[in-house]
Amino acid sequence: MVRRVVQAGAGAKVAGVKGARRPEVRLPSLESYDGGELEPDGDYDGLRFTDVDFVGQDGGGARFMDCALTGCAVDETRLHHVRVLDSVITGMRGVGTDFGSATFRDVEVVDARLGGVQLHGAVLERVVFRGGKIDYLNLREARIRDVVFEGCVLVEPDFGGARLERVEFVDCVLKGADFSGVSLTDVDLRRAAAVEFARGVDRLAGAVISPAQLLDLAGVFAAEVGVRVVGVDV
């Protein structure tokens, strides 16, 4: 496996914001997965999983390293404490998948279609989510560092209590995001396609937004500090 990590702007600060370090995963020659159910604490190294049905299986504590998972179904799959390293996940689909307390490091997630996925308490480092749609993503208490959400739709994502450092939202739609209790460092929202907060606008210290976003969020900020905006009758 050969991997090169790149950072926007060749590692320089852009407008006072440190860019996320993106993974570039280059997989070795892979062997095809021979089937069978996932095993708790299983060790999967250098494998290609194509259109595999993991629905309802238990792979808790397993390790995936230098793997490609393409078109896999993970409805109600238990992957608690799983470790995914130096891997590419493409077209994963499922509802109610449990990735609680998982570790994702140097991973590309492309065109995922997930709903109610649990990533609470997870550690995400050098991860790109590109394309796709994730509904009700639970990232409560997660540690999220050098992560990019690019060209994807996040519906009611819950970042409650999470720590975000060098996180970018690029051409990404956030609908009803919950930032309650978050800790933010160099979180760049300027290039998001749309940003909508349900809770936690008082916790945005450490984030950067564009002037246009400031105008869009003016009403939310005013409501947060108890200011009423009322027109003057002439």
# chains A, B, ... in the order shown; residues from 1 in each chain; ligands from 1

$ closest_atom_pairs --of "region 16-95 of chain A" --to "region 102-125 of chain A" --cutoff "8 Å" --atoms "only C-alpha atoms" --output "tab-separated table"
residue	atom	partner	partner_atom	distance
A:Arg22	CA	A:Asp106	CA	7.9
A:Pro23	CA	A:Asp106	CA	5.2
A:Glu24	CA	A:Asp106	CA	7.6
A:Val25	CA	A:Asp106	CA	7.0
A:Leu79	CA	A:Ala102	CA	7.6
A:His80	CA	A:Ala102	CA	6.0
A:His81	CA	A:Ala102	CA	4.2
A:Val82	CA	A:Ala102	CA	4.8
A:Arg83	CA	A:Thr103	CA	4.7
A:Val84	CA	A:Phe104	CA	4.9
A:Leu85	CA	A:Arg105	CA	5.0
A:Asp86	CA	A:Asp106	CA	4.8
A:Ser87	CA	A:Val107	CA	5.0
A:Val88	CA	A:Glu108	CA	4.8
A:Ile89	CA	A:Val109	CA	4.7
A:Thr90	CA	A:Val110	CA	4.6
A:Gly91	CA	A:Ala112	CA	4.9
A:Met92	CA	A:Ala112	CA	4.9
A:Arg93	CA	A:Arg113	CA	4.6
A:Gly94	CA	A:Leu114	CA	5.0
A:Val95	CA	A:Gly115	CA	4.6

$ residues_around --residues "Asp202 (chain A)" --least-positions-apart "5" --cutoff "10 Å" --atoms "only C-alpha atoms" --output "PyMOL selection string"
chain A and resi 179-182+220-221+224-225

$ closest_residue --among "A:Gly16, A:Ala68, A:Phe159, A:Gly61" --to "Tyr33 (chain A)" --atoms "only C-alpha atoms"
A:Ala68

$ select_by_dssp --residues "region 44-198 of chain A" --states "strand (DSSP E or B)" --output "mmCIF file with N, CA, C and O atoms, in the first residue's frame"
data_model
loop_
_atom_site.group_PDB
_atom_site.id
_atom_site.type_symbol
_atom_site.label_atom_id
_atom_site.label_comp_id
_atom_site.auth_asym_id
_atom_site.auth_seq_id
_atom_site.Cartn_x
_atom_site.Cartn_y
_atom_site.Cartn_z
ATOM 1 N N TYR A 44 -9.484 -8.430 8.368
ATOM 2 C CA TYR A 44 -9.649 -8.437 6.915
ATOM 3 C C TYR A 44 -8.598 -7.506 6.315
ATOM 4 O O TYR A 44 -8.634 -6.295 6.528
ATOM 5 N N ASP A 45 -7.678 -8.079 5.566
ATOM 6 C CA ASP A 45 -6.522 -7.333 5.074
ATOM 7 C C ASP A 45 -6.363 -7.573 3.570
ATOM 8 O O ASP A 45 -6.290 -8.717 3.117
ATOM 9 N N LEU A 47 -8.430 -7.048 0.962
ATOM 10 C CA LEU A 47 -9.545 -7.752 0.336
ATOM 11 C C LEU A 47 -10.459 -6.798 -0.433
ATOM 12 O O LEU A 47 -10.594 -5.623 -0.090
ATOM 13 N N ARG A 48 -11.115 -7.346 -1.450
ATOM 14 C CA ARG A 48 -12.112 -6.605 -2.211
ATOM 15 C C ARG A 48 -13.485 -7.216 -1.941
ATOM 16 O O ARG A 48 -13.715 -8.391 -2.225
ATOM 17 N N PHE A 49 -14.375 -6.409 -1.381
ATOM 18 C CA PHE A 49 -15.745 -6.834 -1.102
ATOM 19 C C PHE A 49 -16.644 -6.161 -2.142
ATOM 20 O O PHE A 49 -16.756 -4.942 -2.159
ATOM 21 N N THR A 50 -17.293 -6.942 -3.002
ATOM 22 C CA THR A 50 -18.132 -6.378 -4.056
ATOM 23 C C THR A 50 -19.556 -6.894 -3.934
ATOM 24 O O THR A 50 -19.794 -8.119 -3.995
ATOM 25 N N ASP A 53 -23.639 -8.833 0.870
ATOM 26 C CA ASP A 53 -24.783 -8.577 1.749
ATOM 27 C C ASP A 53 -24.375 -8.880 3.192
ATOM 28 O O ASP A 53 -24.236 -10.040 3.582
ATOM 29 N N ASP A 58 -22.841 -9.454 12.462
ATOM 30 C CA ASP A 58 -22.085 -8.881 13.576
ATOM 31 C C ASP A 58 -20.598 -8.961 13.264
ATOM 32 O O ASP A 58 -19.998 -10.037 13.287
ATOM 33 N N ARG A 63 -11.262 -5.591 11.991
ATOM 34 C CA ARG A 63 -10.315 -4.647 11.396
ATOM 35 C C ARG A 63 -10.296 -4.843 9.888
ATOM 36 O O ARG A 63 -10.129 -5.958 9.390
ATOM 37 N N PHE A 64 -10.499 -3.738 9.157
ATOM 38 C CA PHE A 64 -10.391 -3.740 7.702
ATOM 39 C C PHE A 64 -9.210 -2.848 7.340
ATOM 40 O O PHE A 64 -9.217 -1.656 7.629
ATOM 41 N N MET A 65 -8.200 -3.414 6.687
ATOM 42 C CA MET A 65 -7.029 -2.638 6.313
ATOM 43 C C MET A 65 -6.696 -2.893 4.846
ATOM 44 O O MET A 65 -6.700 -4.042 4.380
ATOM 45 N N ALA A 68 -11.172 -2.620 -0.247
ATOM 46 C CA ALA A 68 -12.144 -1.893 -1.053
ATOM 47 C C ALA A 68 -13.501 -2.551 -0.851
ATOM 48 O O ALA A 68 -13.657 -3.750 -1.096
ATOM 49 N N LEU A 69 -14.452 -1.776 -0.368
ATOM 50 C CA LEU A 69 -15.807 -2.283 -0.166
ATOM 51 C C LEU A 69 -16.714 -1.527 -1.136
ATOM 52 O O LEU A 69 -16.887 -0.307 -1.020
ATOM 53 N N THR A 70 -17.315 -2.238 -2.077
ATOM 54 C CA THR A 70 -18.101 -1.601 -3.133
ATOM 55 C C THR A 70 -19.499 -2.204 -3.180
ATOM 56 O O THR A 70 -19.655 -3.429 -3.311
ATOM 57 N N ALA A 73 -24.244 -4.000 1.315
ATOM 58 C CA ALA A 73 -25.453 -3.688 2.076
ATOM 59 C C ALA A 73 -25.192 -3.921 3.557
ATOM 60 O O ALA A 73 -24.691 -4.984 3.945
ATOM 61 N N ARG A 78 -23.972 -4.801 12.741
ATOM 62 C CA ARG A 78 -23.272 -4.357 13.940
ATOM 63 C C ARG A 78 -21.775 -4.307 13.651
ATOM 64 O O ARG A 78 -21.140 -5.355 13.437
ATOM 65 N N ARG A 83 -12.424 -1.117 13.074
ATOM 66 C CA ARG A 83 -11.341 -0.246 12.630
ATOM 67 C C ARG A 83 -11.218 -0.366 11.114
ATOM 68 O O ARG A 83 -11.018 -1.473 10.596
ATOM 69 N N VAL A 84 -11.351 0.767 10.439
ATOM 70 C CA VAL A 84 -11.237 0.805 8.983
ATOM 71 C C VAL A 84 -10.048 1.693 8.653
ATOM 72 O O VAL A 84 -10.055 2.891 8.949
ATOM 73 N N LEU A 85 -9.014 1.112 8.040
ATOM 74 C CA LEU A 85 -7.745 1.803 7.832
ATOM 75 C C LEU A 85 -7.322 1.706 6.375
ATOM 76 O O LEU A 85 -7.407 0.628 5.762
ATOM 77 N N ASP A 86 -6.884 2.833 5.800
ATOM 78 C CA ASP A 86 -6.320 2.828 4.446
ATOM 79 C C ASP A 86 -7.233 2.092 3.463
ATOM 80 O O ASP A 86 -6.789 1.201 2.732
ATOM 81 N N SER A 87 -8.500 2.464 3.443
ATOM 82 C CA SER A 87 -9.486 1.733 2.646
ATOM 83 C C SER A 87 -10.405 2.686 1.895
ATOM 84 O O SER A 87 -10.488 3.875 2.211
ATOM 85 N N VAL A 88 -11.114 2.133 0.900
ATOM 86 C CA VAL A 88 -12.079 2.888 0.104
ATOM 87 C C VAL A 88 -13.425 2.190 0.188
ATOM 88 O O VAL A 88 -13.531 0.983 -0.078
ATOM 89 N N ILE A 89 -14.453 2.957 0.564
ATOM 90 C CA ILE A 89 -15.812 2.435 0.663
ATOM 91 C C ILE A 89 -16.652 3.156 -0.377
ATOM 92 O O ILE A 89 -16.782 4.381 -0.340
ATOM 93 N N THR A 90 -17.250 2.418 -1.305
ATOM 94 C CA THR A 90 -18.001 3.025 -2.392
ATOM 95 C C THR A 90 -19.401 2.423 -2.472
ATOM 96 O O THR A 90 -19.564 1.195 -2.461
ATOM 97 N N ARG A 93 -24.710 1.014 1.315
ATOM 98 C CA ARG A 93 -26.104 1.377 1.566
ATOM 99 C C ARG A 93 -26.626 0.599 2.766
ATOM 100 O O ARG A 93 -26.234 -0.546 2.994
ATOM 101 N N GLY A 94 -27.483 1.268 3.533
ATOM 102 C CA GLY A 94 -28.044 0.579 4.680
ATOM 103 C C GLY A 94 -28.734 1.524 5.635
ATOM 104 O O GLY A 94 -28.557 2.738 5.588
ATOM 105 N N VAL A 95 -29.547 0.960 6.502
ATOM 106 C CA VAL A 95 -30.276 1.706 7.525
ATOM 107 C C VAL A 95 -29.967 1.075 8.875
ATOM 108 O O VAL A 95 -29.948 -0.150 9.014
ATOM 109 N N ASP A 98 -24.558 0.153 12.858
ATOM 110 C CA ASP A 98 -23.924 0.549 14.115
ATOM 111 C C ASP A 98 -22.405 0.573 13.954
ATOM 112 O O ASP A 98 -21.745 -0.469 13.980
ATOM 113 N N THR A 103 -13.184 3.347 14.467
ATOM 114 C CA THR A 103 -12.056 4.169 14.050
ATOM 115 C C THR A 103 -11.960 4.123 12.530
ATOM 116 O O THR A 103 -11.885 3.034 11.942
ATOM 117 N N PHE A 104 -11.999 5.294 11.903
ATOM 118 C CA PHE A 104 -11.777 5.416 10.466
ATOM 119 C C PHE A 104 -10.540 6.289 10.288
ATOM 120 O O PHE A 104 -10.528 7.449 10.699
ATOM 121 N N ARG A 105 -9.513 5.748 9.660
ATOM 122 C CA ARG A 105 -8.294 6.523 9.453
ATOM 123 C C ARG A 105 -7.788 6.301 8.037
ATOM 124 O O ARG A 105 -7.619 5.174 7.599
ATOM 125 N N ASP A 106 -7.574 7.405 7.309
ATOM 126 C CA ASP A 106 -7.144 7.349 5.909
ATOM 127 C C ASP A 106 -8.143 6.531 5.095
ATOM 128 O O ASP A 106 -7.821 5.462 4.547
ATOM 129 N N VAL A 107 -9.359 7.061 5.024
ATOM 130 C CA VAL A 107 -10.467 6.355 4.368
ATOM 131 C C VAL A 107 -11.204 7.314 3.436
ATOM 132 O O VAL A 107 -11.413 8.478 3.763
ATOM 133 N N GLU A 108 -11.623 6.808 2.286
ATOM 134 C CA GLU A 108 -12.502 7.522 1.380
ATOM 135 C C GLU A 108 -13.854 6.817 1.370
ATOM 136 O O GLU A 108 -13.916 5.602 1.153
ATOM 137 N N VAL A 109 -14.920 7.591 1.625
ATOM 138 C CA VAL A 109 -16.279 7.063 1.598
ATOM 139 C C VAL A 109 -17.006 7.775 0.462
ATOM 140 O O VAL A 109 -17.223 8.984 0.512
ATOM 141 N N VAL A 110 -17.379 7.022 -0.575
ATOM 142 C CA VAL A 110 -17.903 7.615 -1.805
ATOM 143 C C VAL A 110 -19.331 7.138 -2.055
ATOM 144 O O VAL A 110 -19.615 5.932 -2.009
ATOM 145 N N ASP A 111 -20.220 8.111 -2.299
ATOM 146 C CA ASP A 111 -21.607 7.822 -2.704
ATOM 147 C C ASP A 111 -22.316 6.879 -1.737
ATOM 148 O O ASP A 111 -23.019 5.951 -2.162
ATOM 149 N N ALA A 112 -22.150 7.102 -0.456
ATOM 150 C CA ALA A 112 -22.859 6.293 0.542
ATOM 151 C C ALA A 112 -24.331 6.685 0.585
ATOM 152 O O ALA A 112 -24.690 7.861 0.433
ATOM 153 N N ARG A 113 -25.195 5.714 0.804
ATOM 154 C CA ARG A 113 -26.625 5.943 0.973
ATOM 155 C C ARG A 113 -27.022 5.268 2.283
ATOM 156 O O ARG A 113 -27.301 4.068 2.328
ATOM 157 N N LEU A 114 -27.000 6.061 3.351
ATOM 158 C CA LEU A 114 -27.184 5.501 4.684
ATOM 159 C C LEU A 114 -28.245 6.283 5.446
ATOM 160 O O LEU A 114 -28.423 7.489 5.234
ATOM 161 N N GLY A 115 -28.910 5.597 6.356
ATOM 162 C CA GLY A 115 -29.902 6.249 7.195
ATOM 163 C C GLY A 115 -29.794 5.762 8.626
ATOM 164 O O GLY A 115 -29.646 4.551 8.873
ATOM 165 N N GLN A 118 -25.007 4.971 13.106
ATOM 166 C CA GLN A 118 -24.467 5.325 14.410
ATOM 167 C C GLN A 118 -22.942 5.401 14.347
ATOM 168 O O GLN A 118 -22.273 4.397 14.098
ATOM 169 N N VAL A 123 -13.825 7.741 16.137
ATOM 170 C CA VAL A 123 -12.642 8.546 15.830
ATOM 171 C C VAL A 123 -12.478 8.545 14.312
ATOM 172 O O VAL A 123 -12.293 7.484 13.702
ATOM 173 N N LEU A 124 -12.570 9.732 13.719
ATOM 174 C CA LEU A 124 -12.400 9.880 12.279
ATOM 175 C C LEU A 124 -11.206 10.788 12.024
ATOM 176 O O LEU A 124 -11.178 11.930 12.499
ATOM 177 N N GLU A 125 -10.219 10.280 11.302
ATOM 178 C CA GLU A 125 -9.019 11.056 11.027
ATOM 179 C C GLU A 125 -8.586 10.836 9.583
ATOM 180 O O GLU A 125 -8.439 9.708 9.137
ATOM 181 N N ARG A 126 -8.417 11.923 8.851
ATOM 182 C CA ARG A 126 -8.094 11.897 7.430
ATOM 183 C C ARG A 126 -9.112 11.032 6.685
ATOM 184 O O ARG A 126 -8.798 9.970 6.140
ATOM 185 N N VAL A 127 -10.345 11.533 6.663
ATOM 186 C CA VAL A 127 -11.453 10.845 6.001
ATOM 187 C C VAL A 127 -12.148 11.830 5.066
ATOM 188 O O VAL A 127 -12.350 12.993 5.414
ATOM 189 N N VAL A 128 -12.527 11.363 3.883
ATOM 190 C CA VAL A 128 -13.330 12.145 2.955
ATOM 191 C C VAL A 128 -14.642 11.426 2.712
ATOM 192 O O VAL A 128 -14.658 10.238 2.372
ATOM 193 N N PHE A 129 -15.755 12.146 2.921
ATOM 194 C CA PHE A 129 -17.075 11.667 2.522
ATOM 195 C C PHE A 129 -17.430 12.412 1.239
ATOM 196 O O PHE A 129 -17.646 13.626 1.258
ATOM 197 N N ARG A 130 -17.497 11.708 0.120
ATOM 198 C CA ARG A 130 -17.703 12.372 -1.165
ATOM 199 C C ARG A 130 -18.986 11.852 -1.815
ATOM 200 O O ARG A 130 -19.133 10.665 -2.086
ATOM 201 N N GLY A 131 -19.930 12.772 -2.075
ATOM 202 C CA GLY A 131 -21.173 12.386 -2.722
ATOM 203 C C GLY A 131 -22.074 11.594 -1.786
ATOM 204 O O GLY A 131 -21.757 11.330 -0.629
ATOM 205 N N GLY A 132 -23.233 11.226 -2.310
ATOM 206 C CA GLY A 132 -24.165 10.408 -1.541
ATOM 207 C C GLY A 132 -25.027 11.212 -0.584
ATOM 208 O O GLY A 132 -25.013 12.450 -0.563
ATOM 209 N N LYS A 133 -25.779 10.492 0.221
ATOM 210 C CA LYS A 133 -26.710 11.106 1.172
ATOM 211 C C LYS A 133 -26.754 10.260 2.438
ATOM 212 O O LYS A 133 -26.859 9.028 2.369
ATOM 213 N N ILE A 134 -26.648 10.935 3.580
ATOM 214 C CA ILE A 134 -26.715 10.250 4.868
ATOM 215 C C ILE A 134 -27.767 10.951 5.716
ATOM 216 O O ILE A 134 -27.647 12.136 6.019
ATOM 217 N N ASP A 135 -28.790 10.226 6.088
ATOM 218 C CA ASP A 135 -29.864 10.758 6.923
ATOM 219 C C ASP A 135 -29.623 10.392 8.381
ATOM 220 O O ASP A 135 -29.268 9.250 8.698
ATOM 221 N N ASN A 138 -25.429 10.033 13.361
ATOM 222 C CA ASN A 138 -25.156 10.267 14.779
ATOM 223 C C ASN A 138 -23.646 10.265 15.016
ATOM 224 O O ASN A 138 -23.003 9.221 15.008
ATOM 225 N N ARG A 143 -14.665 12.190 17.765
ATOM 226 C CA ARG A 143 -13.460 13.005 17.549
ATOM 227 C C ARG A 143 -13.186 13.012 16.054
ATOM 228 O O ARG A 143 -12.876 11.970 15.464
ATOM 229 N N ILE A 144 -13.312 14.182 15.461
ATOM 230 C CA ILE A 144 -13.310 14.304 14.001
ATOM 231 C C ILE A 144 -12.195 15.262 13.612
ATOM 232 O O ILE A 144 -12.260 16.457 13.884
ATOM 233 N N ARG A 145 -11.173 14.726 12.976
ATOM 234 C CA ARG A 145 -9.997 15.538 12.664
ATOM 235 C C ARG A 145 -9.553 15.287 11.224
ATOM 236 O O ARG A 145 -9.450 14.137 10.796
ATOM 237 N N ASP A 146 -9.310 16.372 10.491
ATOM 238 C CA ASP A 146 -8.904 16.266 9.084
ATOM 239 C C ASP A 146 -9.933 15.465 8.297
ATOM 240 O O ASP A 146 -9.628 14.433 7.678
ATOM 241 N N VAL A 147 -11.160 15.957 8.324
ATOM 242 C CA VAL A 147 -12.274 15.294 7.636
ATOM 243 C C VAL A 147 -12.917 16.285 6.673
ATOM 244 O O VAL A 147 -13.110 17.457 7.005
ATOM 245 N N VAL A 148 -13.259 15.808 5.485
ATOM 246 C CA VAL A 148 -13.916 16.633 4.474
ATOM 247 C C VAL A 148 -15.240 15.987 4.081
ATOM 248 O O VAL A 148 -15.279 14.798 3.745
ATOM 249 N N PHE A 149 -16.311 16.772 4.150
ATOM 250 C CA PHE A 149 -17.608 16.368 3.616
ATOM 251 C C PHE A 149 -17.777 17.105 2.297
ATOM 252 O O PHE A 149 -17.918 18.325 2.276
ATOM 253 N N GLU A 150 -17.773 16.379 1.194
ATOM 254 C CA GLU A 150 -17.710 17.013 -0.116
ATOM 255 C C GLU A 150 -18.839 16.504 -1.023
ATOM 256 O O GLU A 150 -18.951 15.304 -1.293
ATOM 257 N N VAL A 153 -25.084 15.142 0.957
ATOM 258 C CA VAL A 153 -26.228 15.705 1.660
ATOM 259 C C VAL A 153 -26.314 15.041 3.029
ATOM 260 O O VAL A 153 -26.389 13.811 3.127
ATOM 261 N N LEU A 154 -26.298 15.857 4.082
ATOM 262 C CA LEU A 154 -26.430 15.362 5.453
ATOM 263 C C LEU A 154 -27.731 15.894 6.020
ATOM 264 O O LEU A 154 -27.891 17.101 6.209
ATOM 265 N N VAL A 155 -28.673 15.006 6.275
ATOM 266 C CA VAL A 155 -29.980 15.392 6.785
ATOM 267 C C VAL A 155 -30.020 15.153 8.289
ATOM 268 O O VAL A 155 -29.854 14.019 8.756
ATOM 269 N N ASP A 158 -26.163 14.829 13.717
ATOM 270 C CA ASP A 158 -26.044 15.165 15.138
ATOM 271 C C ASP A 158 -24.572 15.107 15.534
ATOM 272 O O ASP A 158 -23.982 14.037 15.654
ATOM 273 N N ARG A 163 -15.866 16.751 18.951
ATOM 274 C CA ARG A 163 -14.725 17.658 18.776
ATOM 275 C C ARG A 163 -14.311 17.626 17.314
ATOM 276 O O ARG A 163 -13.939 16.569 16.796
ATOM 277 N N LEU A 164 -14.385 18.775 16.656
ATOM 278 C CA LEU A 164 -14.050 18.875 15.246
ATOM 279 C C LEU A 164 -12.829 19.769 15.076
ATOM 280 O O LEU A 164 -12.808 20.896 15.570
ATOM 281 N N GLU A 165 -11.838 19.257 14.380
ATOM 282 C CA GLU A 165 -10.620 20.025 14.116
ATOM 283 C C GLU A 165 -10.224 19.844 12.655
ATOM 284 O O GLU A 165 -10.120 18.722 12.162
ATOM 285 N N ARG A 166 -10.012 20.944 11.976
ATOM 286 C CA ARG A 166 -9.689 20.937 10.553
ATOM 287 C C ARG A 166 -10.704 20.085 9.789
ATOM 288 O O ARG A 166 -10.379 19.059 9.192
ATOM 289 N N VAL A 167 -11.948 20.564 9.790
ATOM 290 C CA VAL A 167 -13.047 19.901 9.085
ATOM 291 C C VAL A 167 -13.595 20.868 8.042
ATOM 292 O O VAL A 167 -13.821 22.042 8.327
ATOM 293 N N GLU A 168 -13.808 20.375 6.830
ATOM 294 C CA GLU A 168 -14.305 21.204 5.740
ATOM 295 C C GLU A 168 -15.622 20.648 5.203
ATOM 296 O O GLU A 168 -15.779 19.429 5.078
ATOM 297 N N PHE A 169 -16.520 21.562 4.877
ATOM 298 C CA PHE A 169 -17.777 21.216 4.213
ATOM 299 C C PHE A 169 -17.734 21.885 2.839
ATOM 300 O O PHE A 169 -17.817 23.103 2.735
ATOM 301 N N VAL A 170 -17.590 21.074 1.794
ATOM 302 C CA VAL A 170 -17.391 21.589 0.439
ATOM 303 C C VAL A 170 -18.542 21.131 -0.451
ATOM 304 O O VAL A 170 -18.748 19.919 -0.635
ATOM 305 N N VAL A 173 -24.532 19.870 1.627
ATOM 306 C CA VAL A 173 -25.774 20.404 2.173
ATOM 307 C C VAL A 173 -25.968 19.872 3.579
ATOM 308 O O VAL A 173 -25.994 18.656 3.791
ATOM 309 N N LEU A 174 -26.082 20.783 4.552
ATOM 310 C CA LEU A 174 -26.407 20.420 5.933
ATOM 311 C C LEU A 174 -27.829 20.873 6.223
ATOM 312 O O LEU A 174 -28.131 22.060 6.148
ATOM 313 N N LYS A 175 -28.680 19.928 6.553
ATOM 314 C CA LYS A 175 -30.070 20.241 6.861
ATOM 315 C C LYS A 175 -30.340 19.912 8.327
ATOM 316 O O LYS A 175 -30.212 18.766 8.744
ATOM 317 N N GLY A 176 -30.711 20.916 9.102
ATOM 318 C CA GLY A 176 -31.080 20.685 10.495
ATOM 319 C C GLY A 176 -29.965 20.124 11.337
ATOM 320 O O GLY A 176 -30.183 19.229 12.164
ATOM 321 N N ALA A 177 -28.752 20.645 11.178
ATOM 322 C CA ALA A 177 -27.598 20.127 11.914
ATOM 323 C C ALA A 177 -27.670 20.493 13.394
ATOM 324 O O ALA A 177 -28.071 21.596 13.752
ATOM 325 N N ASP A 178 -27.269 19.563 14.249
ATOM 326 C CA ASP A 178 -27.227 19.786 15.693
ATOM 327 C C ASP A 178 -25.768 19.906 16.115
ATOM 328 O O ASP A 178 -25.015 18.940 16.065
ATOM 329 N N SER A 183 -17.071 21.280 20.125
ATOM 330 C CA SER A 183 -15.839 22.050 20.220
ATOM 331 C C SER A 183 -15.256 22.121 18.817
ATOM 332 O O SER A 183 -14.998 21.076 18.193
ATOM 333 N N LEU A 184 -15.068 23.337 18.297
ATOM 334 C CA LEU A 184 -14.657 23.508 16.908
ATOM 335 C C LEU A 184 -13.302 24.215 16.819
ATOM 336 O O LEU A 184 -13.066 25.211 17.505
ATOM 337 N N THR A 185 -12.444 23.699 15.957
ATOM 338 C CA THR A 185 -11.170 24.337 15.640
ATOM 339 C C THR A 185 -10.951 24.255 14.140
ATOM 340 O O THR A 185 -10.920 23.152 13.575
ATOM 341 N N ASP A 186 -10.835 25.412 13.495
ATOM 342 C CA ASP A 186 -10.603 25.447 12.048
ATOM 343 C C ASP A 186 -11.636 24.616 11.284
ATOM 344 O O ASP A 186 -11.292 23.740 10.474
ATOM 345 N N VAL A 187 -12.900 24.888 11.553
ATOM 346 C CA VAL A 187 -14.000 24.245 10.831
ATOM 347 C C VAL A 187 -14.487 25.217 9.762
ATOM 348 O O VAL A 187 -14.941 26.318 10.071
ATOM 349 N N ASP A 188 -14.376 24.824 8.515
ATOM 350 C CA ASP A 188 -14.629 25.716 7.382
ATOM 351 C C ASP A 188 -15.965 25.374 6.728
ATOM 352 O O ASP A 188 -16.105 24.325 6.089
ATOM 353 N N ALA A 194 -25.320 24.627 1.334
ATOM 354 C CA ALA A 194 -26.408 25.122 2.184
ATOM 355 C C ALA A 194 -26.129 24.688 3.612
ATOM 356 O O ALA A 194 -25.651 23.572 3.848
ATOM 357 N N VAL A 195 -26.418 25.581 4.557
ATOM 358 C CA VAL A 195 -26.201 25.291 5.970
ATOM 359 C C VAL A 195 -27.448 25.664 6.750
ATOM 360 O O VAL A 195 -27.935 26.793 6.666
ATOM 361 N N GLU A 196 -27.955 24.711 7.510
ATOM 362 C CA GLU A 196 -29.147 24.952 8.332
ATOM 363 C C GLU A 196 -28.930 24.287 9.687
ATOM 364 O O GLU A 196 -28.654 23.080 9.765
ATOM 365 N N PHE A 197 -29.027 25.087 10.745
ATOM 366 C CA PHE A 197 -28.809 24.569 12.097
ATOM 367 C C PHE A 197 -30.133 24.411 12.828
ATOM 368 O O PHE A 197 -30.972 25.315 12.821
ATOM 369 N N ALA A 198 -30.300 23.262 13.477
ATOM 370 C CA ALA A 198 -31.449 23.061 14.358
ATOM 371 C C ALA A 198 -31.110 23.512 15.776
ATOM 372 O O ALA A 198 -31.939 24.095 16.464
#

$ closest_residue --among "A:Ala62, A:Val227, A:Cys152, A:Ala192" --to "Glu39 (chain A)" --atoms "only C-alpha atoms"
A:Ala62

$ atom_distance --atom1 "CA of Ser210 (chain A)" --atom2 "CA of Leu139 (chain A)"
24.6 Å

$ atom_distance --atom1 "CA of Gly56 (chain A)" --atom2 "CA of Gly36 (chain A)"
13.1 Å
